[in-house]
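Notes follow the structure.
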Number of protein chains: 2
Amino acid sequence: MGDGGVRQRKHERIAEELRVQIRTGQLTDGDRLPGENALMEMYGVARMTARQALADLQNEGLAVARKGSGVYVRTFRPVRRFGAQRLSKEVWGAGRSVWDADTSSAPPVVDSLTVTTEPAPEVPARMLTLSTDDRVVVRSRRYSINGEPVQLATAYIPAVLAEGTPIAEENTGPGGVFARLADLGHAPVRFTEEVYARMPTPQESDELRLTTGTPVICVARTAFAAGDRPVEFSEMTLSSTAYVLSYDFQA
Amino acid sequence: MGDGGVRQRKHERIAEELRVQIRTGQLTDGDRLPGENALMEMYGVARMTARQALADLQNEGLAVARKGSGVYVRTFRPVRRFGAQRLSKEVWGAGRSVWDADTSSAPPVVDSLTVTTEPAPEVPARMLTLSTDDRVVVRSRRYSINGEPVQLATAYIPAVLAEGTPIAEENTGPGGVFARLADLGHAPVRFTEEVYARMPTPQESDELRLTTGTPVICVARTAFAAGDRPVEFSEMTLSSTAYVLSYDFQA
DNA sequence: AAGTGGTCTAGACCACTGC
DNA sequence: CAGTGGTCTAGACCACTTA
């Protein structure tokens with residue numbers, strides 16, 4: 001005691017100094033941080049202490065490590081809007097994909113797609129007011145932008161509506177699933193969306209090529225046709241580095 | 001070579017076995033995981049290897065460490081709805097706080113509050129179509145549920161509207177800021193909200209008492225009065241363990 | 001007082017990157 | 001091939017919790 005202040009852990013002190021350099025712009029987006037060896041010498045610490053400091057920054061999402069190369073500054077700069085207007089009738093009604101509604105440059109591309117028909121899993125069953133004996137068409141896909149995977153999505157449509165229609169095919173045709181539902185007289189008129197955030201599972205981390213310190217945003221959406229009949233349920237997992245969601249509503 | 005498969009890192013193997021026990025329900029919410037010493041003996045590994053396995057689980061949000069006690073399973077179970085309907089006119093129009101619209105039990109409580117008037121920071125200035133020379137009333141607060149902090153929020157209201165009114169006081173009276181804006185003839189009629197997720201800063205982590213592996217959800221909301229005049233801008237930082245956002249909209 | 005996780009040291013070997 | 005981060009070992013001391 002008597003040392004005049006709080007004892008600061010060495011790795012915290014190192015991390016904080018690097019954090020300041022990032023915050024003030026001395027180090028910015030692609031810049032290389034001092035490596036383990038450099039920090040060991042600069043601060044006279046052991047390897048694991050230097051590593052801990054760098055790990056702190058990575059877990060905060062401020063840095064990414066590239067094996068064999070170095071640790072680099074990563075500033076948060078999400079790219080793509082994911083808004084309610086993407087579901088407006090004008091968009092899919094006109095035979096364009098909902099994604100065309102997005103503002104920025106390159107549109108997401110479906111990168112992998114599987115379509116199956118199977119008994120409804122518990123959550124989709126509940127949201128679609130089905131029993132788990134009822135069957136649903138399941139469309140799982142991954143979206144990428146410029147070769148970077150950004151979203152995993154799984155849509156569930158009751159088999160009674162979708163079986164034998166283009167909805168159960170790989171290619172649903174212009175306007176996508178919603179346009180086909182409209183053709184069948186089940187045009188969605190209302191949506192509810194639930195949104196939360198969490199850390200990815202190792203599998204999601206892999207499929208979306210996420211780096212340490214990158215959470216995902218989970219969106220669960222239910223589409224209702226006239227008479228409040230639920231006709232589609234989707235679960236989406238978005239890379240938080242790729243998306244900002246936007247919503248607009250009246251008082 | 002010749003070992004017949006992919007080399008699996010020891011800490012990954014340990015983490016995966018624990019993950020499976022969590023996924024299958026052998027270990028659930030408050031359960032204590034095997035500690036560092038136990039894992040060292042069970043797998044014949046060094047302390048740092050056992051630590052790495054436990055750290056992996058913590059960074060995924062599957063476990064929390066309690067110093068001097070152990071590492072415990074944490075399953076994701078958000079508590080509180082944060083939806084668009086909280087902003088409907090019926091809610092604040094009737095002199096109740098927007099939070100009353102939330103469904104579940106104990107309402108969030110303001111736990112610390114500062115009100116100042118100052119030149120508009122860059123982002124609020126842009127959203128309120130002000131210059132950074134213009135002044136704004138800044139209301140910063142922290143909300144807690146049952147003593148657990150869950151949200152940080154900062155609201156910005158143009159000083160030309162708010163100065164000398166209850167909006168610049170600590171206690172804004174029934175219905176809050178929106179009701180007072182309505183009294184002044186600037187009732188919000190439309191809102192836009194932008195939502196994204198990221199890892200917390202060390203300061204946020206502290207103020208919201210977040211454990212490792214808990215992201216935050218950031219919400220930036222702008223309220224518009226008649227004639228699309230922006231009258232309030234709020235930045236909110238929500239603990240992802242406490243909130244599910246919900247939205248409802250028409251095609 | 002015993003056990004726990006948190007910090008730290010001082011080594012080692014590996015796979016990968018980039019010149 | 002030199003340098004990097006990733007994994008791993010085998011110790012040590014500390015602050016904290018629990019009983």
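Numbering starts fresh at 1 for the residues of each chain in the structure tokens, the chains themselves are lettered A, B, ... in the order given, and ligands are numbered from 1 as they appear.
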
### Message
Give me, as a PyMOL selection string, all polymer residues having an atom no more than 12 Å from region 146-154 of chain A, counting only C-alpha atoms (C1' of nucleotides) and skipping those fewer than 3 positions away in the same chain.
### Response
chain A and resi 78-80+82+105-116+121+124+136-143+157+200+203-210+214+216-222+232-244

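Selected on chain B by distance to chain C: Lys67, Gly68, Ser69 and Gly70 of chain B (within 7 Å, counting only C-alpha atoms (C1' of nucleotides)).
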
Output C-alpha atoms of each residue in that selection to a file, as an mmCIF file, in the first residue's frame.
data_model
loop_
_atom_site.group_PDB
_atom_site.id
_atom_site.type_symbol
_atom_site.label_atom_id
_atom_site.label_comp_id
_atom_site.auth_asym_id
_atom_site.auth_seq_id
_atom_site.Cartn_x
_atom_site.Cartn_y
_atom_site.Cartn_z
ATOM 1 C CA LYS B 67 -13.446 -15.462 -8.817
ATOM 2 C CA GLY B 68 -12.684 -17.652 -5.844
ATOM 3 C CA SER B 69 -15.712 -19.779 -6.552
ATOM 4 C CA GLY B 70 -15.854 -21.499 -9.933
#

### Task
Provide as JSON, numbers by chain the residues of chain B at most 9 Å from chain D, counting only C-alpha atoms (C1' of nucleotides).
{"B": [9, 10, 11, 45, 46, 47, 48, 49, 66, 67, 68, 69]}

For those residues, write N, CA and C atoms to a file as an mmCIF file, in the first residue's frame.
data_model
loop_
_atom_site.group_PDB
_atom_site.id
_atom_site.type_symbol
_atom_site.label_atom_id
_atom_site.label_comp_id
_atom_site.auth_asym_id
_atom_site.auth_seq_id
_atom_site.Cartn_x
_atom_site.Cartn_y
_atom_site.Cartn_z
ATOM 1 N N ARG B 9 -6.839 -29.582 -31.195
ATOM 2 C CA ARG B 9 -6.163 -28.927 -30.084
ATOM 3 C C ARG B 9 -6.799 -29.396 -28.779
ATOM 4 N N LYS B 10 -5.962 -29.505 -27.785
ATOM 5 C CA LYS B 10 -6.440 -30.012 -26.506
ATOM 6 C C LYS B 10 -7.521 -29.117 -25.916
ATOM 7 N N HIS B 11 -7.289 -27.812 -25.942
ATOM 8 C CA HIS B 11 -8.279 -26.933 -25.300
ATOM 9 C C HIS B 11 -9.585 -26.963 -26.049
ATOM 10 N N VAL B 45 -3.563 -32.121 -18.529
ATOM 11 C CA VAL B 45 -3.018 -30.957 -19.238
ATOM 12 C C VAL B 45 -2.516 -29.926 -18.232
ATOM 13 N N ALA B 46 -1.815 -28.945 -18.755
ATOM 14 C CA ALA B 46 -1.306 -27.871 -17.906
ATOM 15 C C ALA B 46 -2.423 -26.895 -17.577
ATOM 16 N N ARG B 47 -2.168 -26.118 -16.561
ATOM 17 C CA ARG B 47 -3.152 -25.145 -16.106
ATOM 18 C C ARG B 47 -3.647 -24.242 -17.238
ATOM 19 N N MET B 48 -2.715 -23.680 -18.023
ATOM 20 C CA MET B 48 -3.108 -22.716 -19.054
ATOM 21 C C MET B 48 -3.977 -23.348 -20.130
ATOM 22 N N THR B 49 -3.823 -24.641 -20.327
ATOM 23 C CA THR B 49 -4.649 -25.319 -21.322
ATOM 24 C C THR B 49 -6.075 -25.473 -20.811
ATOM 25 N N ARG B 66 -16.690 -16.969 -11.638
ATOM 26 C CA ARG B 66 -16.785 -16.177 -10.406
ATOM 27 C C ARG B 66 -15.507 -16.404 -9.606
ATOM 28 N N LYS B 67 -14.757 -15.346 -9.452
ATOM 29 C CA LYS B 67 -13.446 -15.462 -8.817
ATOM 30 C C LYS B 67 -13.563 -16.095 -7.440
ATOM 31 N N GLY B 68 -12.698 -17.002 -7.144
ATOM 32 C CA GLY B 68 -12.684 -17.652 -5.844
ATOM 33 C C GLY B 68 -13.757 -18.709 -5.685
ATOM 34 N N SER B 69 -14.580 -18.869 -6.708
ATOM 35 C CA SER B 69 -15.712 -19.779 -6.552
ATOM 36 C C SER B 69 -15.740 -20.875 -7.619
#

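Nearest to chain A of all the residues B:Met42, B:Asp29, B:Glu12, B:Asn37 is B:Glu12, based on only C-alpha atoms.
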
### Message
Contacts from chain B to chain A, 8 Å maximum, only C-alpha atoms: show me the residue list as number ranges by chain.
### Response
B: 59-61, 84, 87-89, 188-201, 213-217, 240, 243-251

Take the residues just selected and output them with C-alpha atoms as a compact mmCIF listing (two decimals), in the first residue's frame.
# COMPACT_ATOMS: atom_id res chain seq x y z
CA ASN B 59 -16.16 -15.86 -24.78
CA GLU B 60 -19.07 -17.70 -26.36
CA GLY B 61 -21.29 -16.54 -23.54
CA ALA B 84 -41.91 -0.42 -31.16
CA LEU B 87 -43.61 4.40 -28.46
CA SER B 88 -47.27 4.40 -29.40
CA LYS B 89 -49.18 7.54 -28.59
CA PRO B 188 -43.57 13.07 -31.99
CA VAL B 189 -45.49 11.44 -34.82
CA ARG B 190 -42.82 9.26 -36.41
CA PHE B 191 -39.70 7.44 -35.27
CA THR B 192 -36.75 5.87 -36.96
CA GLU B 193 -34.53 3.41 -35.21
CA GLU B 194 -31.16 2.00 -36.19
CA VAL B 195 -29.95 -1.10 -34.43
CA TYR B 196 -26.63 -2.89 -34.35
CA ALA B 197 -24.60 -5.08 -32.05
CA ARG B 198 -21.00 -4.99 -30.87
CA MET B 199 -18.86 -5.92 -27.92
CA PRO B 200 -18.97 -3.43 -25.06
CA THR B 201 -16.19 -1.01 -24.24
CA GLY B 213 -18.97 -12.92 -23.88
CA THR B 214 -21.92 -10.56 -23.52
CA PRO B 215 -22.43 -8.19 -26.45
CA VAL B 216 -24.46 -5.01 -26.32
CA ILE B 217 -27.23 -3.87 -28.64
CA SER B 240 -27.99 -8.35 -24.73
CA TYR B 243 -33.48 -7.50 -23.98
CA VAL B 244 -35.26 -8.83 -27.00
CA LEU B 245 -36.36 -6.10 -29.37
CA SER B 246 -39.64 -6.56 -31.13
CA TYR B 247 -41.11 -4.84 -34.13
CA ASP B 248 -44.35 -5.06 -35.95
CA PHE B 249 -45.09 -3.70 -39.39
CA GLN B 250 -47.32 -3.90 -42.44
CA ALA B 251 -46.37 -5.02 -45.93
